[in-house]
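To start, the structure under review is shown below, and the notes come after it.
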Amino acid sequence: MPDAFYIYCIGERDALAPLVDEKQAEAIEPQTELELIASDELAAVASVVPLSDYGEEAFAARLVDATWVAARAMRHEKVLEHFAERANIVPLRFGAIYLKRAGVTRMLSEKSESLRALLHRLRDKEEWGVNIFCDRAKLVEMIAMLSPALREMSARAGASSAGQAYLLRKKIEGMRADEARAQIRRVVAEIESRLSEASDGAVRLRLRQAETAEHQDLAAKLAFLIERSRFTEFRAAAEELAASHARSGFRLELTGAWPPYNFVEDSEQKI
Amino acid sequence: MTDEEFTEFEQSDLSLLETLDHVLNRGLVIAGEITISVADVDLIFIGLNVMLTSVETAREVLRERNKAVTSDE
């Protein structure tokens, strides 16, 4: 069966060529090597993949096999990390496959302008993820303690007849839950805005259902584009936010550095 | 996953999941094809749903494996 071309990332030909020649990074399939497919000054890092696995129907079937995907997704990431650490690249996610070499060069030349703009925008930058968790029980407790209205209602409930007290407590519970949700929104917005100032771009990622079922305290996932030289500033801002919201049950998790996967897409100009 | 393939990533499942999350598409677009798709007839498109399903099953596999490891101890 013939082969297809799997694409990892795009960059400037002159910067990528020596890195591909070094042969330090492993291709997604064993016994194949990374190569460069160039068009003018731009080039894509690619490797040959068998159509028996990566052809349209075969690939769809393979994607159902999580173990097959996981192994290859990790190899894809390793290739990208290798290049991202050494050159400016536009990272592609797992699974961009061209049937012909000419398809890659045509894409490079047709998208040349937007690719150059992206390379310029991503220059010397990395992506960092910020996951925000909130211990709701702790937050509710804090809210109950700080809100004068809720404190007053609790006091009234304590001094009321059993029936009245029951109704008041129900009301208090509802108010606490509402206030907790509003507070989570406020804190996430504050973290997003503060960290946006310390970075060069921000994206709020959509939470998947399975993710929130697994981590019930996961409140938001954010991604930031950060110039390497600004990372210390960003990290300090994140640590300060984490410290200031820890008492009300919030926890921040910083992940990275990632190739800027979440900053190559925009609705106007898809590559 | 075969044992051989597992040895490739001797790292925590958490970071493996986080990596899959980044490398595979999270579905930033509401519908349609995966966003990295270059509009080109030669390109093989990956349906977004297929990709998301793939991430979920990967999570399942890792969770099951985690349980097995924990009960072994």
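Every chain in the structure tokens takes a letter, A first, then B, and so on in the order presented; its residues are numbered from 1, and the ligands are numbered from 1 following the presented order.
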Would you write out, as a Markdown table, a table of all residues in chain A that have an atom no more than 6 Å from an atom of chain B, listing for each the closest atom pair and the distance in Å to one decimal, considering only C-alpha atoms and ordering rows by chain and rising residue number?
| residue | atom | partner | partner_atom | distance |
| --- | --- | --- | --- | --- |
| A:Glu56 | CA | B:Ile44 | CA | 5.9 |
| A:Leu63 | CA | B:Ser54 | CA | 5.9 |
| A:Val64 | CA | B:Ser54 | CA | 5.6 |
| A:Ala66 | CA | B:Ala58 | CA | 4.6 |
| A:Thr67 | CA | B:Met1 | CA | 4.3 |
| A:Arg93 | CA | B:Val23 | CA | 5.2 |
| A:Phe94 | CA | B:Leu24 | CA | 5.6 |
| A:Ile97 | CA | B:Ile44 | CA | 5.5 |
| A:Tyr98 | CA | B:Leu43 | CA | 4.6 |
| A:Leu99 | CA | B:Asp42 | CA | 5.5 |
| A:Gly103 | CA | B:Asp42 | CA | 5.7 |
| A:Ile271 | CA | B:Val38 | CA | 5.4 |
If you run DSSP on the backbone here, which positions in segment 143-257 of chain A get alpha helix (DSSP H)? Please write them as a JSON list (two decimals) with N, CA and C atoms, in the first residue's frame.
[["chain", "number", "residue", "atom", "x", "y", "z"],
["A", 143, "ILE", "N", -18.11, 31.74, 52.36],
["A", 143, "ILE", "CA", -19.19, 32.67, 52.01],
["A", 143, "ILE", "C", -20.14, 32.85, 53.19],
["A", 144, "ALA", "N", -20.47, 31.73, 53.83],
["A", 144, "ALA", "CA", -21.38, 31.78, 54.98],
["A", 144, "ALA", "C", -20.79, 32.65, 56.09],
["A", 145, "MET", "N", -19.48, 32.57, 56.21],
["A", 145, "MET", "CA", -18.81, 33.31, 57.29],
["A", 145, "MET", "C", -18.75, 34.80, 56.97],
["A", 146, "LEU", "N", -18.57, 35.12, 55.70],
["A", 146, "LEU", "CA", -18.31, 36.52, 55.32],
["A", 146, "LEU", "C", -19.56, 37.34, 55.03],
["A", 148, "PRO", "N", -22.88, 39.12, 55.72],
["A", 148, "PRO", "CA", -23.68, 39.57, 56.87],
["A", 148, "PRO", "C", -25.13, 39.08, 56.74],
["A", 149, "ALA", "N", -25.67, 39.10, 55.50],
["A", 149, "ALA", "CA", -27.07, 38.69, 55.30],
["A", 149, "ALA", "C", -27.26, 37.23, 55.69],
["A", 150, "LEU", "N", -26.30, 36.40, 55.25],
["A", 150, "LEU", "CA", -26.41, 34.97, 55.56],
["A", 150, "LEU", "C", -26.22, 34.71, 57.06],
["A", 151, "ARG", "N", -25.33, 35.48, 57.67],
["A", 151, "ARG", "CA", -25.10, 35.30, 59.12],
["A", 151, "ARG", "C", -26.35, 35.65, 59.90],
["A", 152, "GLU", "N", -26.97, 36.74, 59.45],
["A", 152, "GLU", "CA", -28.17, 37.20, 60.14],
["A", 152, "GLU", "C", -29.30, 36.16, 59.99],
["A", 153, "MET", "N", -29.42, 35.59, 58.79],
["A", 153, "MET", "CA", -30.46, 34.59, 58.58],
["A", 153, "MET", "C", -30.21, 33.34, 59.41],
["A", 154, "SER", "N", -28.95, 32.96, 59.51],
["A", 154, "SER", "CA", -28.61, 31.80, 60.33],
["A", 154, "SER", "C", -29.01, 32.03, 61.78],
["A", 155, "ALA", "N", -28.74, 33.25, 62.25],
["A", 155, "ALA", "CA", -29.08, 33.59, 63.63],
["A", 155, "ALA", "C", -30.60, 33.50, 63.81],
["A", 156, "ARG", "N", -31.35, 34.01, 62.83],
["A", 156, "ARG", "CA", -32.82, 33.97, 62.92],
["A", 156, "ARG", "C", -33.32, 32.54, 62.92],
["A", 157, "ALA", "N", -32.69, 31.72, 62.07],
["A", 157, "ALA", "CA", -33.11, 30.31, 61.99],
["A", 157, "ALA", "C", -32.91, 29.64, 63.35],
["A", 158, "GLY", "N", -31.81, 30.00, 64.00],
["A", 158, "GLY", "CA", -31.50, 29.41, 65.30],
["A", 158, "GLY", "C", -32.55, 29.75, 66.34],
["A", 162, "ALA", "N", -39.32, 25.21, 64.77],
["A", 162, "ALA", "CA", -38.75, 24.18, 63.90],
["A", 162, "ALA", "C", -39.17, 24.36, 62.44],
["A", 163, "GLY", "N", -40.44, 24.63, 62.19],
["A", 163, "GLY", "CA", -40.95, 24.77, 60.82],
["A", 163, "GLY", "C", -40.32, 25.95, 60.10],
["A", 164, "GLN", "N", -40.30, 27.10, 60.78],
["A", 164, "GLN", "CA", -39.71, 28.32, 60.19],
["A", 164, "GLN", "C", -38.21, 28.12, 59.95],
["A", 165, "ALA", "N", -37.58, 27.51, 60.94],
["A", 165, "ALA", "CA", -36.13, 27.30, 60.83],
["A", 165, "ALA", "C", -35.81, 26.45, 59.61],
["A", 166, "TYR", "N", -36.65, 25.43, 59.36],
["A", 166, "TYR", "CA", -36.43, 24.55, 58.21],
["A", 166, "TYR", "C", -36.47, 25.35, 56.91],
["A", 167, "LEU", "N", -37.50, 26.20, 56.80],
["A", 167, "LEU", "CA", -37.64, 27.01, 55.58],
["A", 167, "LEU", "C", -36.48, 27.98, 55.42],
["A", 168, "LEU", "N", -36.10, 28.61, 56.51],
["A", 168, "LEU", "CA", -34.97, 29.55, 56.46],
["A", 168, "LEU", "C", -33.69, 28.84, 56.03],
["A", 169, "ARG", "N", -33.48, 27.65, 56.59],
["A", 169, "ARG", "CA", -32.25, 26.92, 56.25],
["A", 169, "ARG", "C", -32.22, 26.55, 54.77],
["A", 170, "LYS", "N", -33.39, 26.15, 54.24],
["A", 170, "LYS", "CA", -33.49, 25.85, 52.81],
["A", 170, "LYS", "C", -33.08, 27.07, 51.99],
["A", 171, "LYS", "N", -33.60, 28.23, 52.42],
["A", 171, "LYS", "CA", -33.32, 29.47, 51.71],
["A", 171, "LYS", "C", -31.82, 29.79, 51.79],
["A", 172, "ILE", "N", -31.27, 29.62, 52.99],
["A", 172, "ILE", "CA", -29.84, 29.90, 53.18],
["A", 172, "ILE", "C", -28.99, 29.01, 52.26],
["A", 173, "GLU", "N", -29.37, 27.74, 52.20],
["A", 173, "GLU", "CA", -28.63, 26.79, 51.34],
["A", 173, "GLU", "C", -28.62, 27.26, 49.88],
["A", 174, "GLY", "N", -29.80, 27.65, 49.41],
["A", 174, "GLY", "CA", -29.93, 28.12, 48.03],
["A", 174, "GLY", "C", -29.09, 29.35, 47.78],
["A", 175, "MET", "N", -29.13, 30.30, 48.74],
["A", 175, "MET", "CA", -28.36, 31.53, 48.59],
["A", 175, "MET", "C", -26.86, 31.26, 48.57],
["A", 176, "ARG", "N", -26.46, 30.34, 49.43],
["A", 176, "ARG", "CA", -25.03, 29.99, 49.47],
["A", 176, "ARG", "C", -24.57, 29.41, 48.14],
["A", 177, "ALA", "N", -25.38, 28.50, 47.58],
["A", 177, "ALA", "CA", -25.01, 27.86, 46.32],
["A", 177, "ALA", "C", -24.93, 28.90, 45.20],
["A", 178, "ASP", "N", -25.92, 29.81, 45.16],
["A", 178, "ASP", "CA", -25.90, 30.87, 44.15],
["A", 178, "ASP", "C", -24.65, 31.73, 44.29],
["A", 179, "GLU", "N", -24.40, 32.10, 45.53],
["A", 179, "GLU", "CA", -23.26, 32.98, 45.80],
["A", 179, "GLU", "C", -21.94, 32.28, 45.45],
["A", 180, "ALA", "N", -21.88, 30.96, 45.72],
["A", 180, "ALA", "CA", -20.66, 30.20, 45.40],
["A", 180, "ALA", "C", -20.43, 30.20, 43.89],
["A", 181, "ARG", "N", -21.50, 29.96, 43.13],
["A", 181, "ARG", "CA", -21.35, 29.96, 41.67],
["A", 181, "ARG", "C", -20.88, 31.32, 41.16],
["A", 182, "ALA", "N", -21.50, 32.38, 41.71],
["A", 182, "ALA", "CA", -21.12, 33.74, 41.29],
["A", 182, "ALA", "C", -19.67, 34.02, 41.66],
["A", 183, "GLN", "N", -19.27, 33.56, 42.84],
["A", 183, "GLN", "CA", -17.91, 33.80, 43.30],
["A", 183, "GLN", "C", -16.89, 33.07, 42.41],
["A", 184, "ILE", "N", -17.23, 31.83, 42.00],
["A", 184, "ILE", "CA", -16.33, 31.08, 41.12],
["A", 184, "ILE", "C", -16.16, 31.85, 39.81],
["A", 185, "ARG", "N", -17.28, 32.36, 39.28],
["A", 185, "ARG", "CA", -17.19, 33.14, 38.04],
["A", 185, "ARG", "C", -16.30, 34.37, 38.21],
["A", 186, "ARG", "N", -16.49, 35.05, 39.34],
["A", 186, "ARG", "CA", -15.68, 36.27, 39.59],
["A", 186, "ARG", "C", -14.19, 35.94, 39.70],
["A", 187, "VAL", "N", -13.89, 34.89, 40.45],
["A", 187, "VAL", "CA", -12.47, 34.55, 40.66],
["A", 187, "VAL", "C", -11.83, 34.10, 39.34],
["A", 188, "VAL", "N", -12.55, 33.27, 38.57],
["A", 188, "VAL", "CA", -12.00, 32.81, 37.28],
["A", 188, "VAL", "C", -11.75, 34.02, 36.37],
["A", 189, "ALA", "N", -12.71, 34.95, 36.35],
["A", 189, "ALA", "CA", -12.56, 36.15, 35.52],
["A", 189, "ALA", "C", -11.37, 36.99, 35.99],
["A", 190, "GLU", "N", -11.20, 37.08, 37.29],
["A", 190, "GLU", "CA", -10.08, 37.86, 37.82],
["A", 190, "GLU", "C", -8.75, 37.22, 37.44],
["A", 191, "ILE", "N", -8.67, 35.90, 37.60],
["A", 191, "ILE", "CA", -7.43, 35.19, 37.26],
["A", 191, "ILE", "C", -7.15, 35.35, 35.76],
["A", 192, "GLU", "N", -8.18, 35.20, 34.95],
["A", 192, "GLU", "CA", -8.02, 35.32, 33.51],
["A", 192, "GLU", "C", -7.52, 36.71, 33.14],
["A", 193, "SER", "N", -8.12, 37.73, 33.74],
["A", 193, "SER", "CA", -7.74, 39.09, 33.36],
["A", 193, "SER", "C", -6.35, 39.45, 33.87],
["A", 194, "ARG", "N", -6.05, 39.04, 35.09],
["A", 194, "ARG", "CA", -4.73, 39.36, 35.66],
["A", 194, "ARG", "C", -3.60, 38.64, 34.89],
["A", 195, "LEU", "N", -3.85, 37.36, 34.57],
["A", 195, "LEU", "CA", -2.82, 36.60, 33.86],
["A", 195, "LEU", "C", -2.72, 37.01, 32.39],
["A", 196, "SER", "N", -3.83, 37.51, 31.84],
["A", 196, "SER", "CA", -3.78, 38.02, 30.47],
["A", 196, "SER", "C", -2.82, 39.20, 30.39],
["A", 197, "GLU", "N", -2.85, 40.03, 31.44],
["A", 197, "GLU", "CA", -1.94, 41.19, 31.46],
["A", 197, "GLU", "C", -0.48, 40.75, 31.48],
["A", 209, "GLN", "N", -17.37, 17.19, 29.28],
["A", 209, "GLN", "CA", -18.23, 16.63, 30.32],
["A", 209, "GLN", "C", -17.49, 15.59, 31.17],
["A", 210, "ALA", "N", -16.78, 14.70, 30.50],
["A", 210, "ALA", "CA", -16.08, 13.64, 31.22],
["A", 210, "ALA", "C", -15.06, 14.24, 32.18],
["A", 211, "GLU", "N", -14.50, 15.36, 31.78],
["A", 211, "GLU", "CA", -13.47, 16.01, 32.58],
["A", 211, "GLU", "C", -14.06, 16.54, 33.89],
["A", 212, "THR", "N", -15.23, 17.17, 33.78],
["A", 212, "THR", "CA", -15.84, 17.72, 34.98],
["A", 212, "THR", "C", -16.43, 16.61, 35.85],
["A", 213, "ALA", "N", -16.81, 15.49, 35.22],
["A", 213, "ALA", "CA", -17.33, 14.37, 36.01],
["A", 213, "ALA", "C", -16.20, 13.76, 36.82],
["A", 214, "GLU", "N", -15.01, 13.73, 36.21],
["A", 214, "GLU", "CA", -13.85, 13.14, 36.84],
["A", 214, "GLU", "C", -13.30, 14.04, 37.95],
["A", 231, "PHE", "N", 8.13, 34.75, 31.38],
["A", 231, "PHE", "CA", 7.56, 33.65, 32.15],
["A", 231, "PHE", "C", 7.68, 33.86, 33.66],
["A", 232, "THR", "N", 8.81, 34.42, 34.09],
["A", 232, "THR", "CA", 8.99, 34.65, 35.53],
["A", 232, "THR", "C", 7.90, 35.57, 36.06],
["A", 233, "GLU", "N", 7.62, 36.60, 35.27],
["A", 233, "GLU", "CA", 6.57, 37.55, 35.64],
["A", 233, "GLU", "C", 5.21, 36.84, 35.71],
["A", 234, "PHE", "N", 4.94, 36.01, 34.70],
["A", 234, "PHE", "CA", 3.67, 35.28, 34.64],
["A", 234, "PHE", "C", 3.53, 34.35, 35.84],
["A", 235, "ARG", "N", 4.61, 33.63, 36.12],
["A", 235, "ARG", "CA", 4.57, 32.67, 37.21],
["A", 235, "ARG", "C", 4.35, 33.37, 38.55],
["A", 236, "ALA", "N", 5.00, 34.49, 38.73],
["A", 236, "ALA", "CA", 4.84, 35.24, 39.97],
["A", 236, "ALA", "C", 3.39, 35.70, 40.12],
["A", 237, "ALA", "N", 2.80, 36.16, 39.03],
["A", 237, "ALA", "CA", 1.40, 36.60, 39.06],
["A", 237, "ALA", "C", 0.49, 35.43, 39.42],
["A", 238, "ALA", "N", 0.77, 34.25, 38.82],
["A", 238, "ALA", "CA", -0.05, 33.06, 39.09],
["A", 238, "ALA", "C", 0.08, 32.65, 40.56],
["A", 239, "GLU", "N", 1.29, 32.70, 41.07],
["A", 239, "GLU", "CA", 1.50, 32.30, 42.47],
["A", 239, "GLU", "C", 0.81, 33.26, 43.43],
["A", 240, "GLU", "N", 0.86, 34.53, 43.09],
["A", 240, "GLU", "CA", 0.20, 35.53, 43.93],
["A", 240, "GLU", "C", -1.31, 35.29, 43.95],
["A", 241, "LEU", "N", -1.89, 35.01, 42.77],
["A", 241, "LEU", "CA", -3.33, 34.74, 42.69],
["A", 241, "LEU", "C", -3.70, 33.47, 43.46],
["A", 242, "ALA", "N", -2.84, 32.46, 43.32],
["A", 242, "ALA", "CA", -3.10, 31.20, 44.01],
["A", 242, "ALA", "C", -3.12, 31.42, 45.52],
["A", 243, "ALA", "N", -2.15, 32.21, 46.00],
["A", 243, "ALA", "CA", -2.06, 32.46, 47.44],
["A", 243, "ALA", "C", -3.27, 33.27, 47.92],
["A", 244, "SER", "N", -3.67, 34.25, 47.12],
["A", 244, "SER", "CA", -4.74, 35.12, 47.61],
["A", 244, "SER", "C", -6.11, 34.44, 47.58],
["A", 245, "HIS", "N", -6.28, 33.38, 46.79],
["A", 245, "HIS", "CA", -7.58, 32.71, 46.74],
["A", 245, "HIS", "C", -7.59, 31.34, 47.41]]
| task | Write out as a PyMOL selection string all residues of segment 56-235 of chain A that DSSP puts in strand (DSSP E or B) for this structure's backbone. | result | chain A and resi 89-98+125-134+202-205+218-227
Okay, now the selection with N, CA and C atoms, as a compact mmCIF listing (two decimals), in the first residue's frame?
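Result file result.txt:
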# COMPACT_ATOMS: atom_id res chain seq x y z
N ILE A 89 8.10 27.74 15.48
CA ILE A 89 7.24 26.87 14.67
C ILE A 89 5.77 27.22 14.86
N VAL A 90 4.99 26.81 13.87
CA VAL A 90 3.54 26.77 14.02
C VAL A 90 3.22 25.30 14.28
N PRO A 91 2.78 24.96 15.50
CA PRO A 91 2.52 23.54 15.80
C PRO A 91 1.19 23.09 15.23
N LEU A 92 1.15 21.89 14.69
CA LEU A 92 -0.13 21.31 14.29
C LEU A 92 -0.48 20.23 15.30
N ARG A 93 -1.76 20.01 15.49
CA ARG A 93 -2.15 18.93 16.37
C ARG A 93 -2.03 17.60 15.66
N PHE A 94 -2.22 16.53 16.45
CA PHE A 94 -2.16 15.18 15.93
C PHE A 94 -3.10 14.98 14.74
N GLY A 95 -2.60 14.43 13.66
CA GLY A 95 -3.48 13.95 12.61
C GLY A 95 -3.62 14.77 11.34
N ALA A 96 -2.64 15.59 10.99
CA ALA A 96 -2.72 16.27 9.69
C ALA A 96 -1.96 15.41 8.67
N ILE A 97 -2.68 14.88 7.75
CA ILE A 97 -2.09 13.92 6.81
C ILE A 97 -2.38 14.34 5.37
N TYR A 98 -1.32 14.39 4.57
CA TYR A 98 -1.48 14.69 3.15
C TYR A 98 -1.21 13.46 2.32
N LYS A 125 7.69 32.37 21.86
CA LYS A 125 6.60 32.22 22.85
C LYS A 125 6.26 30.75 23.08
N GLU A 126 5.75 30.50 24.27
CA GLU A 126 5.31 29.16 24.63
C GLU A 126 3.90 29.24 25.18
N GLU A 127 3.26 28.07 25.20
CA GLU A 127 1.92 28.05 25.81
C GLU A 127 2.02 27.45 27.21
N TRP A 128 1.31 28.07 28.14
CA TRP A 128 1.18 27.51 29.49
C TRP A 128 -0.29 27.35 29.81
N GLY A 129 -0.60 26.23 30.45
CA GLY A 129 -1.99 25.98 30.83
C GLY A 129 -2.18 26.34 32.30
N VAL A 130 -3.33 26.91 32.60
CA VAL A 130 -3.68 27.16 34.01
C VAL A 130 -5.03 26.50 34.27
N ASN A 131 -5.01 25.47 35.12
CA ASN A 131 -6.25 24.81 35.49
C ASN A 131 -6.68 25.35 36.85
N ILE A 132 -7.93 25.77 36.94
CA ILE A 132 -8.42 26.33 38.20
C ILE A 132 -9.38 25.34 38.85
N PHE A 133 -9.05 24.95 40.07
CA PHE A 133 -9.91 24.03 40.82
C PHE A 133 -10.53 24.79 41.98
N CYS A 134 -11.73 24.38 42.37
CA CYS A 134 -12.35 25.02 43.53
C CYS A 134 -13.01 23.97 44.42
N ALA A 202 -4.57 34.91 25.55
CA ALA A 202 -5.28 34.03 26.47
C ALA A 202 -6.46 33.37 25.78
N VAL A 203 -6.71 32.12 26.13
CA VAL A 203 -7.86 31.40 25.59
C VAL A 203 -8.50 30.63 26.73
N ARG A 204 -9.84 30.69 26.80
CA ARG A 204 -10.53 29.86 27.78
C ARG A 204 -10.94 28.58 27.07
N LEU A 205 -10.51 27.44 27.58
CA LEU A 205 -10.80 26.18 26.91
C LEU A 205 -12.13 25.63 27.37
N LEU A 218 -13.03 20.95 39.20
CA LEU A 218 -12.41 21.71 38.10
C LEU A 218 -13.34 22.85 37.68
N ALA A 219 -12.86 24.09 37.84
CA ALA A 219 -13.73 25.24 37.55
C ALA A 219 -13.47 25.83 36.17
N ALA A 220 -12.22 25.80 35.71
CA ALA A 220 -11.91 26.35 34.39
C ALA A 220 -10.53 25.90 33.93
N LYS A 221 -10.36 25.85 32.62
CA LYS A 221 -9.04 25.58 32.04
C LYS A 221 -8.71 26.74 31.11
N LEU A 222 -7.57 27.37 31.36
CA LEU A 222 -7.17 28.51 30.55
C LEU A 222 -5.83 28.18 29.88
N ALA A 223 -5.60 28.80 28.74
CA ALA A 223 -4.31 28.65 28.08
C ALA A 223 -3.76 30.05 27.80
N PHE A 224 -2.47 30.23 28.04
CA PHE A 224 -1.84 31.53 27.83
C PHE A 224 -0.64 31.40 26.92
N LEU A 225 -0.48 32.41 26.08
CA LEU A 225 0.69 32.48 25.22
C LEU A 225 1.68 33.43 25.91
N ILE A 226 2.89 32.94 26.16
CA ILE A 226 3.81 33.73 26.96
C ILE A 226 5.19 33.79 26.33
N GLU A 227 5.68 34.99 26.19
CA GLU A 227 7.04 35.14 25.69
C GLU A 227 7.99 34.58 26.75
| task | Write out as a VMD selection string the residues lying within 7 Å of segment 16-24 of chain A, counting only C-alpha atoms and excluding same-chain residues fewer than 3 positions away. | result | chain A and resid 11 to 13 34 to 36 87
| remark: Correct to one decimal, the distance atom CA of Lys78 of chain A-atom CA of Leu119 of chain A is 19.9 Å
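Straight-line separation from atom CA of Leu139 of chain A to atom CA of Ser248 of chain A: 4.8 Å.
Considering only C-alpha atoms, the residue among A:Lys111, A:Ala46, A:Glu29, A:His82 positioned nearest to Val69 of chain A is A:Glu29.
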